[in-house]
Amino acid sequence: MDAIRSFFSEYGGLLLEKTWEHLYISFAALLLGVLVAVPLGILLVRIPKVAGFIMSIVSIVQTFPSLAILAFFIPLLGIGKVPAIAALFLYSMLPILRNTYIGVKNVNRNLLEAARGMGMTSFQRTVRVELPLAVPVIMAGIRMSAVYLIGWATLASFIGGGGLGDFIFDGLNLFRTDLVIGGALPVTLLAILLDWVLGRVEYHATPKGIRGQGGAA
Amino acid sequence: MLVFENVSKVYPGGKRAVDHLDLEIGEGEFICFIGPSGCGKTTTMKMINRLVKPTDGKILLNGKNILEQNVVELRRSIGYVIQQIGLFPHMTIRDNIALVPRLKGVPAEERNKRAEELLELVNMPKEFLDRFPHELSGGQQQRIGVLRALASNPPLILMDEPFGALDPITRDSLQAEFKNLQQSLGKTIIFVTHDMDEAIKLADRIVIMRAGQIVQVGSPDEILRNPADDFVRDFIGKDRLAEAQQHFQTVGQIMNPDPVSIGLGATLSEAVRTMRRRRVDSLLVTDDAGILRGKVTIEQIDRNRDLDAAVADLMERDIQTVRADTLLRDATRNILVRGSKYVPVVDARKRLIGIITRTNLVDVLYDSIWGEEDDEEQDAVVNEAAAAPQTGEGS
């Protein structure tokens with residue numbers, strides 16, 4: 001008990017700061033990922049010929065070791081938060097892109113034809129039919145991405161991006177178990193918390209009529 | 001209102017889905033397209049709202065070529081009901097019904113009113129407006145599907161096997177309901193189906209298609225009576241044809257050609273004798289030319305004790321007759337509704353040529369139930385009927 005109290009009195013302020021950094025990096029990457037991957041996923045459904053190609057490229061990127069990607073961005077963007085965010089953004093893309101693509105693609109073709117036959121424009125079909133029906137699947141992708149990102153963001157520490165990784169790697173270098181735990185535990189808690197929060201977001205973002213029916217109609 | 005002029009659709013790869021099709025459809029008509037799968041019926045329908053683009057030919061809607069109109073405007077002006085219902089699961093019933101008005105920019109208040117109005121049309125309570133499609137039964141959902149097509153009051157509605165996915169009982173009631181609705185609203189309907197019963201029940205005219213071409217167009221009666229060829233006959237099916245044959249039986253085909261009658265000049269005592277000999281309780285009265293003049297019944301004779309009086313003085317002159325080429329089903333109605341025991345059959349010059357009795361009708365009924373082979377059994381039934389003559393001298 002004393003050990004925990006002294007840990008907090010010594011590192012409490014720093015812990016908060018690093019947690020904030022950690023969240024900042026993760027969310028920035030996630031936001032970029034959503035902004036790019038969701039529209040791209042919708043677009044890919046429209047151009048099936050290119051879709052397979054793009055999806056495989058993104059899948060390949062996913063297999064690169066995370067450290068390698070981080071290192072790869074150093075010559076391009078230097079060190080610090082920006083290259084860290086850029087690298088994590090690449091990672092966040094795949095789950096979101098894949099789920100958006102699948103979610104939109106699996107929207108019942110009959111519904112889309114009904115929409116077309118009733119005189120919806122292409123834009124109206126996307127916004128009023130495809131997206132609302134694909135929300136549960138897209139949100140699942142975003143949730144998965146977010147949880148991964150919280151974990152991967154620890155590595156940002158390697159290229160000077162900060163975050164809770166600083167605690168863990170300092171602890172490893174200095175053989176200080178308390179620092180390692182002090183960094184790893186918040187990362188885990190953050191991941192769990194974020195998953196829960198996004199779960200709620202997913203529930204509320206899903207149109208009432210299709211809640212609890214196992215995804216897109 | 002809708003004209004197909006030499007319309008063809010060739011899919012990439014050379015498949016001719018619709019082949020030089022000509023058809024004219026009038027205002028307020030209920031048209032069923034029917035044929036085996038792949039005959040081009042759905043393709044033909046989808047060309048009307050340009051979900052499928054015609055390769056060749058012209059489709060004119062109210063005189064205007066549909067290809068020269070704005071496609072979105074065109075579709076919003078035509079109702080569309082698809083198979084498998086196609087309600088949007090994420091929208092309330094209200095939003096589903098009012099979708100096209102919303103696309104057209106009708107203000108929310110008006111849309112609401114319209115949705116309520118329409119729901120009333122199919123006797124569904126207002127509470128349904130805020131429910132979601134999955135909370136409704138299949139039949140209710142398809143009712144909403146139909147209402148959605150009616151929402152912006154389009155004169156023309158396209159329906160692609162709309163009742164195909166429903167159970168038979170729900171389908172039956174929905175068909176009847178929809179036919180009433182269509183007639184009261186005066187909509188023109190293009191209805192695609194592969195169910196001949198459905199087509200016969202609903203259509204004003206049936207368009208039978210095969211391999212992209214029209215095989216026969218006609219009212220259900222016409223098609224049942226004169227199938228154009230073996231394909232149509234096969235498609236209608238033996239049972240239905242046999243049934244239809246009965247449906248189109250004429251009075252002449254089943255009448256008794258030898259009615260018991262008596263001359264105008266005969267006396268009542270002669271009449272009584274004839275009745276007794278022929279075991280009937282009424283006689284048809286004809287003149288020398290064989291023209292039907294009236295009838296006398298045993299009750300009338302009984303009331304008038306003067307047996308030397310002429311039949312002509314006593315007879316009932318105002319009697320109901322039927323022509324030999326009348327459809328049996330129409331004649332049956334007269335007999336059953338008016339409660340007459342029989343109806344005399346006359347030719348164009350009012351000459352008595354036969355009689356239809358309840359016995360004849362019973363025969364027909366037996367025939368349709370047990371087939372026509374058992375003649376002896378039929379005879380047994382004949383005897384109890386009132387004016388059923390066997391053989392005899394006639395007038």
# chains A, B, ... in the order shown; residues from 1 in each chain; ligands from 1
call {"tool": "residues_around", "arguments": {"residues": "A:Gly162", "least_positions_apart": "4", "cutoff": "12 Å", "atoms": "only C-alpha atoms", "output": "NGL selection string"}}
result
:A and (14-15 or 17-26 or 79-85 or 153-158 or 166-170 or 183)
call {"tool": "write_last_selection", "arguments": {"atoms": "N, CA and C atoms", "output": "CSV table (one decimal), in the first residue's frame"}}
result
chain,number,residue,atom,x,y,z
A,14,LEU,N,3.2,12.9,-13.7
A,14,LEU,CA,3.8,12.4,-14.9
A,14,LEU,C,2.8,11.4,-15.6
A,15,LEU,N,2.2,10.6,-14.7
A,15,LEU,CA,1.3,9.5,-15.2
A,15,LEU,C,0.2,10.1,-15.9
A,17,GLU,N,0.1,13.1,-17.3
A,17,GLU,CA,0.5,13.7,-18.6
A,17,GLU,C,0.7,12.6,-19.7
A,18,LYS,N,1.4,11.5,-19.3
A,18,LYS,CA,1.7,10.5,-20.3
A,18,LYS,C,0.4,9.8,-20.8
A,19,THR,N,-0.6,9.7,-19.8
A,19,THR,CA,-1.9,9.1,-20.2
A,19,THR,C,-2.5,10.0,-21.3
A,20,TRP,N,-2.5,11.2,-21.0
A,20,TRP,CA,-3.1,12.2,-21.9
A,20,TRP,C,-2.4,12.1,-23.3
A,21,GLU,N,-1.0,12.0,-23.3
A,21,GLU,CA,-0.3,11.9,-24.5
A,21,GLU,C,-0.7,10.6,-25.3
A,22,HIS,N,-0.8,9.6,-24.5
A,22,HIS,CA,-1.2,8.3,-25.0
A,22,HIS,C,-2.5,8.3,-25.8
A,23,LEU,N,-3.5,8.9,-25.0
A,23,LEU,CA,-4.8,9.0,-25.6
A,23,LEU,C,-4.8,10.0,-26.9
A,24,TYR,N,-4.0,11.0,-26.8
A,24,TYR,CA,-4.0,12.0,-27.8
A,24,TYR,C,-3.5,11.3,-29.1
A,25,ILE,N,-2.4,10.5,-29.0
A,25,ILE,CA,-1.8,9.9,-30.1
A,25,ILE,C,-2.8,8.8,-30.7
A,26,SER,N,-3.4,8.1,-29.8
A,26,SER,CA,-4.3,7.0,-30.3
A,26,SER,C,-5.5,7.6,-31.0
A,79,ILE,N,11.3,12.6,-35.8
A,79,ILE,CA,10.8,11.9,-34.6
A,79,ILE,C,9.8,12.8,-33.9
A,80,GLY,N,9.0,12.1,-32.9
A,80,GLY,CA,8.0,12.9,-32.2
A,80,GLY,C,6.6,12.3,-32.5
A,81,LYS,N,5.6,13.1,-32.2
A,81,LYS,CA,4.3,12.6,-32.2
A,81,LYS,C,3.8,12.4,-33.7
A,82,VAL,N,4.2,13.3,-34.6
A,82,VAL,CA,3.6,13.2,-35.9
A,82,VAL,C,3.9,11.9,-36.6
A,83,PRO,N,5.2,11.4,-36.7
A,83,PRO,CA,5.4,10.1,-37.3
A,83,PRO,C,4.7,9.0,-36.5
A,84,ALA,N,4.6,9.1,-35.2
A,84,ALA,CA,3.9,8.1,-34.5
A,84,ALA,C,2.4,8.0,-34.9
A,85,ILE,N,1.8,9.2,-35.0
A,85,ILE,CA,0.4,9.2,-35.4
A,85,ILE,C,0.3,8.6,-36.8
A,153,ALA,N,0.1,2.1,-29.4
A,153,ALA,CA,0.6,3.5,-29.1
A,153,ALA,C,1.7,3.5,-28.0
A,154,THR,N,1.8,2.4,-27.3
A,154,THR,CA,3.0,2.3,-26.4
A,154,THR,C,4.3,2.4,-27.1
A,155,LEU,N,4.3,1.8,-28.4
A,155,LEU,CA,5.5,1.8,-29.1
A,155,LEU,C,5.9,3.2,-29.6
A,156,ALA,N,5.0,4.2,-29.6
A,156,ALA,CA,5.3,5.5,-30.0
A,156,ALA,C,6.5,6.1,-29.2
A,157,SER,N,6.6,5.6,-28.0
A,157,SER,CA,7.7,6.0,-27.1
A,157,SER,C,9.1,5.8,-27.8
A,158,PHE,N,9.2,4.8,-28.6
A,158,PHE,CA,10.5,4.5,-29.3
A,158,PHE,C,10.9,5.6,-30.2
A,166,ASP,N,6.6,5.4,-22.5
A,166,ASP,CA,7.7,6.0,-21.8
A,166,ASP,C,8.0,5.3,-20.4
A,167,PHE,N,6.9,5.1,-19.7
A,167,PHE,CA,7.0,4.5,-18.4
A,167,PHE,C,7.5,3.1,-18.5
A,168,ILE,N,6.9,2.3,-19.5
A,168,ILE,CA,7.2,0.9,-19.6
A,168,ILE,C,8.7,0.7,-20.0
A,169,PHE,N,9.1,1.5,-21.0
A,169,PHE,CA,10.5,1.3,-21.5
A,169,PHE,C,11.5,1.8,-20.5
A,170,ASP,N,11.2,2.9,-19.9
A,170,ASP,CA,12.1,3.4,-18.8
A,170,ASP,C,12.2,2.3,-17.7
A,183,GLY,N,3.0,1.7,-16.1
A,183,GLY,CA,2.7,2.1,-17.5
A,183,GLY,C,1.7,1.1,-18.1
call {"tool": "interface_residues", "arguments": {"of": "chain A", "to": "chain B", "cutoff": "8 Å", "atoms": "only C-alpha atoms", "output": "short mmCIF file (atom, residue, chain, number, x, y, z; two decimals) with C-alpha atoms, in the first residue's frame"}}
result
data_model
loop_
_atom_site.label_atom_id
_atom_site.label_comp_id
_atom_site.auth_asym_id
_atom_site.auth_seq_id
_atom_site.Cartn_x
_atom_site.Cartn_y
_atom_site.Cartn_z
CA ASN A 110 -33.24 -5.66 -52.78
CA LEU A 111 -33.40 -2.69 -50.47
CA ALA A 114 -36.19 -0.48 -53.93
CA ARG A 116 -33.32 3.20 -56.66
CA GLY A 117 -36.75 2.36 -57.99
CA MET A 118 -38.35 4.91 -55.71
CA GLY A 119 -36.12 7.61 -57.06
CA MET A 120 -33.30 8.03 -54.54
CA THR A 121 -30.17 9.57 -55.96
CA VAL A 129 -29.82 3.44 -46.70
CA PRO A 132 -27.36 3.51 -41.47
CA LEU A 133 -27.67 -0.19 -42.19
CA PRO A 207 -30.67 2.85 -35.93
CA LYS A 208 -33.38 1.76 -33.54
CA GLY A 209 -35.10 -0.44 -36.08
CA ILE A 210 -32.15 -2.78 -36.56
CA ALA A 217 -30.12 -6.23 -42.96
#
call {"tool": "residues_around", "arguments": {"residues": "B:Leu284", "least_positions_apart": "6", "cutoff": "10 Å", "atoms": "only C-alpha atoms", "output": "list in words"}}
result
Pro259, Val260, Ser261, Ile262, Gly263, Leu264, Leu292, Arg293, Gly294, Lys295, Val296, Thr297, Met315, Glu316, Ile319, Pro344, Leu352, Ile355, Ala387, Gly394 and Ser395 of chain B
call {"tool": "select_by_dssp", "arguments": {"residues": "stretch 9-97 of chain B", "states": "strand (DSSP E)", "output": "list in words"}}
result
Lys9, Val10, Arg16, Ala17, Val18, Asp19, His20, Leu21, Asp22, Leu23, Glu24, Ile25, Phe30, Ile31, Cys32, Phe33, Ile34, Asp56, Gly57, Lys58, Ile59, Leu60, Leu61, Lys64, Asn65, Ile78, Gly79, Tyr80 and Val81 of chain B
call {"tool": "write_last_selection", "arguments": {"atoms": "C-alpha atoms", "output": "PDB file, in the first residue's frame"}}
result
ATOM      1  CA  LYS B   9     -33.318  -5.619 -74.231  1.00  0.00           C
ATOM      2  CA  VAL B  10     -30.124  -7.426 -75.047  1.00  0.00           C
ATOM      3  CA  ARG B  16     -32.118 -11.342 -75.556  1.00  0.00           C
ATOM      4  CA  ALA B  17     -34.243 -10.803 -72.462  1.00  0.00           C
ATOM      5  CA  VAL B  18     -36.947  -8.870 -74.242  1.00  0.00           C
ATOM      6  CA  ASP B  19     -37.480  -9.240 -77.949  1.00  0.00           C
ATOM      7  CA  HIS B  20     -39.297  -6.634 -80.051  1.00  0.00           C
ATOM      8  CA  LEU B  21     -42.112  -6.115 -77.646  1.00  0.00           C
ATOM      9  CA  ASP B  22     -45.189  -4.077 -78.524  1.00  0.00           C
ATOM     10  CA  LEU B  23     -47.857  -3.385 -75.980  1.00  0.00           C
ATOM     11  CA  GLU B  24     -50.337  -0.686 -75.142  1.00  0.00           C
ATOM     12  CA  ILE B  25     -51.714  -0.254 -71.666  1.00  0.00           C
ATOM     13  CA  PHE B  30     -54.580  -3.924 -64.087  1.00  0.00           C
ATOM     14  CA  ILE B  31     -52.018  -5.761 -66.185  1.00  0.00           C
ATOM     15  CA  CYS B  32     -50.317  -8.965 -65.096  1.00  0.00           C
ATOM     16  CA  PHE B  33     -47.095 -10.033 -66.765  1.00  0.00           C
ATOM     17  CA  ILE B  34     -46.733 -13.738 -66.395  1.00  0.00           C
ATOM     18  CA  ASP B  56     -33.878  -0.695 -78.558  1.00  0.00           C
ATOM     19  CA  GLY B  57     -37.314   0.763 -79.088  1.00  0.00           C
ATOM     20  CA  LYS B  58     -39.367   3.322 -77.244  1.00  0.00           C
ATOM     21  CA  ILE B  59     -41.443   3.350 -74.089  1.00  0.00           C
ATOM     22  CA  LEU B  60     -43.935   6.179 -73.926  1.00  0.00           C
ATOM     23  CA  LEU B  61     -45.537   7.195 -70.660  1.00  0.00           C
ATOM     24  CA  LYS B  64     -43.552  11.101 -73.479  1.00  0.00           C
ATOM     25  CA  ASN B  65     -40.512   8.937 -74.092  1.00  0.00           C
ATOM     26  CA  ILE B  78     -44.083   5.819 -60.557  1.00  0.00           C
ATOM     27  CA  GLY B  79     -44.980   3.625 -57.607  1.00  0.00           C
ATOM     28  CA  TYR B  80     -42.725   0.607 -57.061  1.00  0.00           C
ATOM     29  CA  VAL B  81     -43.352  -2.437 -54.900  1.00  0.00           C
TER      30      VAL B  81
END
call {"tool": "atom_distance", "arguments": {"atom1": "atom CA of A:Met93", "atom2": "atom CA of A:Gly33"}}
result
5.0 Å
call {"tool": "closest_residue", "arguments": {"among": "A:Pro48, A:Pro75, A:Pro186, A:Pro95", "to": "A:Ala140", "atoms": "only C-alpha atoms"}}
result
A:Pro95
call {"tool": "residues_around", "arguments": {"residues": "B:Ile356", "least_positions_apart": "2", "cutoff": "9 Å", "atoms": "only C-alpha atoms", "output": "list of chain:residue names"}}
result
B:Val251, B:Gly252, B:Ile254, B:Met255, B:Asn256, B:Pro257, B:Pro259, B:Val322, B:Ala331, B:Ile335, B:Lys341, B:Tyr342, B:Val343, B:Pro344, B:Val345, B:Gly354, B:Arg358, B:Thr359, B:Asn360, B:Leu361, B:Ala388
call {"tool": "write_last_selection", "arguments": {"atoms": "C-alpha atoms", "output": "short mmCIF file (atom, residue, chain, number, x, y, z; two decimals), in the first residue's frame"}}
result
data_model
loop_
_atom_site.label_atom_id
_atom_site.label_comp_id
_atom_site.auth_asym_id
_atom_site.auth_seq_id
_atom_site.Cartn_x
_atom_site.Cartn_y
_atom_site.Cartn_z
CA VAL B 251 -76.66 -23.21 -70.95
CA GLY B 252 -77.04 -25.00 -74.30
CA ILE B 254 -76.20 -28.81 -70.26
CA MET B 255 -79.85 -28.02 -70.88
CA ASN B 256 -82.50 -30.67 -71.25
CA PRO B 257 -83.45 -30.31 -74.93
CA PRO B 259 -88.95 -29.63 -72.09
CA VAL B 322 -82.43 -17.68 -70.76
CA ALA B 331 -77.82 -18.57 -65.52
CA ILE B 335 -81.93 -19.84 -60.78
CA LYS B 341 -87.10 -24.34 -59.94
CA TYR B 342 -86.19 -24.10 -63.59
CA VAL B 343 -85.57 -21.66 -66.39
CA PRO B 344 -86.79 -22.25 -69.96
CA VAL B 345 -84.14 -21.92 -72.65
CA GLY B 354 -84.84 -26.59 -73.82
CA ARG B 358 -81.97 -27.62 -60.65
CA THR B 359 -81.34 -31.21 -61.56
CA ASN B 360 -79.15 -30.14 -64.45
CA LEU B 361 -77.18 -27.96 -62.10
CA ALA B 388 -87.73 -32.60 -65.02
#
call {"tool": "select_by_dssp", "arguments": {"residues": "stretch 173-303 of chain B", "states": "helix (DSSP H, G or I)", "output": "PyMOL selection string"}}
result
chain B and resi 173-185+196-202+220-225+230-236+238-247+251-254+268-278+298-303
call {"tool": "residues_around", "arguments": {"residues": "B:Ile236", "least_positions_apart": "4", "cutoff": "9 Å", "atoms": "only C-alpha atoms", "output": "number ranges by chain"}}
result
B: 196-197, 223-224, 227, 231-232, 240-241
call {"tool": "atom_distance", "arguments": {"atom1": "atom CA of A:Val45", "atom2": "atom CA of A:Thr100"}}
result
9.1 Å
call {"tool": "closest_residue", "arguments": {"among": "A:Lys49, A:Val61, A:Asp2, A:Phe7", "to": "A:Ile181", "atoms": "only C-alpha atoms"}}
result
A:Phe7
call {"tool": "residues_around", "arguments": {"residues": "A:Val147", "least_positions_apart": "4", "cutoff": "9 Å", "atoms": "only C-alpha atoms", "output": "PyMOL selection string"}}
result
chain A and resi 142-143+151-152+190-192+194-195
call {"tool": "write_last_selection", "arguments": {"atoms": "N, CA, C and O atoms", "output": "CSV table (one decimal), in the first residue's frame"}}
result
chain,number,residue,atom,x,y,z
A,142,ILE,N,-14.4,0.0,-36.0
A,142,ILE,CA,-13.8,1.1,-35.3
A,142,ILE,C,-13.4,0.8,-33.9
A,142,ILE,O,-12.3,1.1,-33.4
A,143,ARG,N,-14.2,0.0,-33.2
A,143,ARG,CA,-13.9,-0.5,-31.9
A,143,ARG,C,-12.7,-1.3,-31.8
A,143,ARG,O,-11.8,-1.1,-31.0
A,151,GLY,N,-3.0,-0.2,-27.5
A,151,GLY,CA,-1.8,-1.1,-27.3
A,151,GLY,C,-0.6,-0.7,-28.1
A,151,GLY,O,0.5,-0.5,-27.6
A,152,TRP,N,-0.8,-0.5,-29.4
A,152,TRP,CA,0.3,-0.1,-30.3
A,152,TRP,C,0.9,1.3,-29.9
A,152,TRP,O,2.1,1.5,-30.1
A,190,LEU,N,-7.2,1.5,-20.0
A,190,LEU,CA,-7.7,2.4,-21.1
A,190,LEU,C,-8.3,1.6,-22.2
A,190,LEU,O,-9.4,1.9,-22.7
A,191,ALA,N,-7.7,0.5,-22.6
A,191,ALA,CA,-8.2,-0.4,-23.7
A,191,ALA,C,-9.6,-0.9,-23.3
A,191,ALA,O,-10.5,-0.8,-24.1
A,192,ILE,N,-9.7,-1.4,-22.1
A,192,ILE,CA,-11.0,-2.0,-21.6
A,192,ILE,C,-12.0,-0.9,-21.6
A,192,ILE,O,-13.2,-1.1,-22.1
A,194,LEU,N,-12.1,2.0,-23.2
A,194,LEU,CA,-12.5,2.5,-24.5
A,194,LEU,C,-13.4,1.5,-25.2
A,194,LEU,O,-14.3,2.0,-25.9
A,195,ASP,N,-13.1,0.3,-25.1
A,195,ASP,CA,-14.0,-0.7,-25.7
A,195,ASP,C,-15.4,-0.6,-25.2
A,195,ASP,O,-16.3,-0.7,-26.0
call {"tool": "residues_around", "arguments": {"residues": "B:Ala199", "least_positions_apart": "4", "cutoff": "10 Å", "atoms": "only C-alpha atoms", "output": "ChimeraX atom specification"}}
result
/B:30-34,191-195,203-207,219-220
call {"tool": "write_last_selection", "arguments": {"atoms": "N, CA and C atoms", "output": "compact mmCIF listing (two decimals), in the first residue's frame"}}
result
# COMPACT_ATOMS: atom_id res chain seq x y z
N PHE B 30 -55.40 -3.05 -64.93
CA PHE B 30 -54.58 -3.92 -64.09
C PHE B 30 -53.98 -4.99 -65.00
N ILE B 31 -52.68 -4.86 -65.25
CA ILE B 31 -52.02 -5.76 -66.18
C ILE B 31 -51.12 -6.72 -65.42
N CYS B 32 -51.25 -8.00 -65.68
CA CYS B 32 -50.32 -8.96 -65.10
C CYS B 32 -49.37 -9.47 -66.17
N PHE B 33 -48.08 -9.37 -65.92
CA PHE B 33 -47.10 -10.03 -66.77
C PHE B 33 -46.84 -11.39 -66.14
N ILE B 34 -46.95 -12.41 -66.96
CA ILE B 34 -46.73 -13.74 -66.39
C ILE B 34 -45.94 -14.59 -67.38
N PHE B 191 -48.15 -5.66 -62.93
CA PHE B 191 -47.97 -6.62 -61.85
C PHE B 191 -47.26 -7.85 -62.42
N VAL B 192 -46.08 -8.13 -61.92
CA VAL B 192 -45.35 -9.30 -62.41
C VAL B 192 -45.60 -10.47 -61.47
N THR B 193 -45.92 -11.61 -62.02
CA THR B 193 -46.14 -12.78 -61.17
C THR B 193 -45.81 -14.04 -61.95
N HIS B 194 -45.62 -15.15 -61.25
CA HIS B 194 -45.52 -16.41 -61.99
C HIS B 194 -46.68 -17.31 -61.57
N ASP B 195 -47.61 -16.73 -60.82
CA ASP B 195 -48.72 -17.50 -60.26
C ASP B 195 -49.98 -17.22 -61.07
N ALA B 203 -56.02 -9.65 -62.62
CA ALA B 203 -55.75 -8.88 -63.83
C ALA B 203 -57.01 -8.50 -64.60
N ASP B 204 -56.97 -7.33 -65.22
CA ASP B 204 -57.92 -7.01 -66.27
C ASP B 204 -57.44 -7.68 -67.55
N ARG B 205 -56.14 -7.57 -67.77
CA ARG B 205 -55.55 -8.26 -68.92
C ARG B 205 -54.27 -8.96 -68.48
N ILE B 206 -54.09 -10.14 -69.00
CA ILE B 206 -52.89 -10.90 -68.68
C ILE B 206 -51.97 -10.90 -69.90
N VAL B 207 -50.71 -10.64 -69.67
CA VAL B 207 -49.74 -10.70 -70.76
C VAL B 207 -48.86 -11.92 -70.52
N SER B 219 -57.93 -10.83 -71.57
CA SER B 219 -58.53 -10.88 -70.25
C SER B 219 -58.42 -12.33 -69.76
N PRO B 220 -58.48 -12.53 -68.46
CA PRO B 220 -58.39 -13.90 -67.94
C PRO B 220 -59.40 -14.82 -68.62
call {"tool": "atom_distance", "arguments": {"atom1": "atom CA of B:Gln245", "atom2": "atom CA of B:Gly35"}}
result
21.7 Å
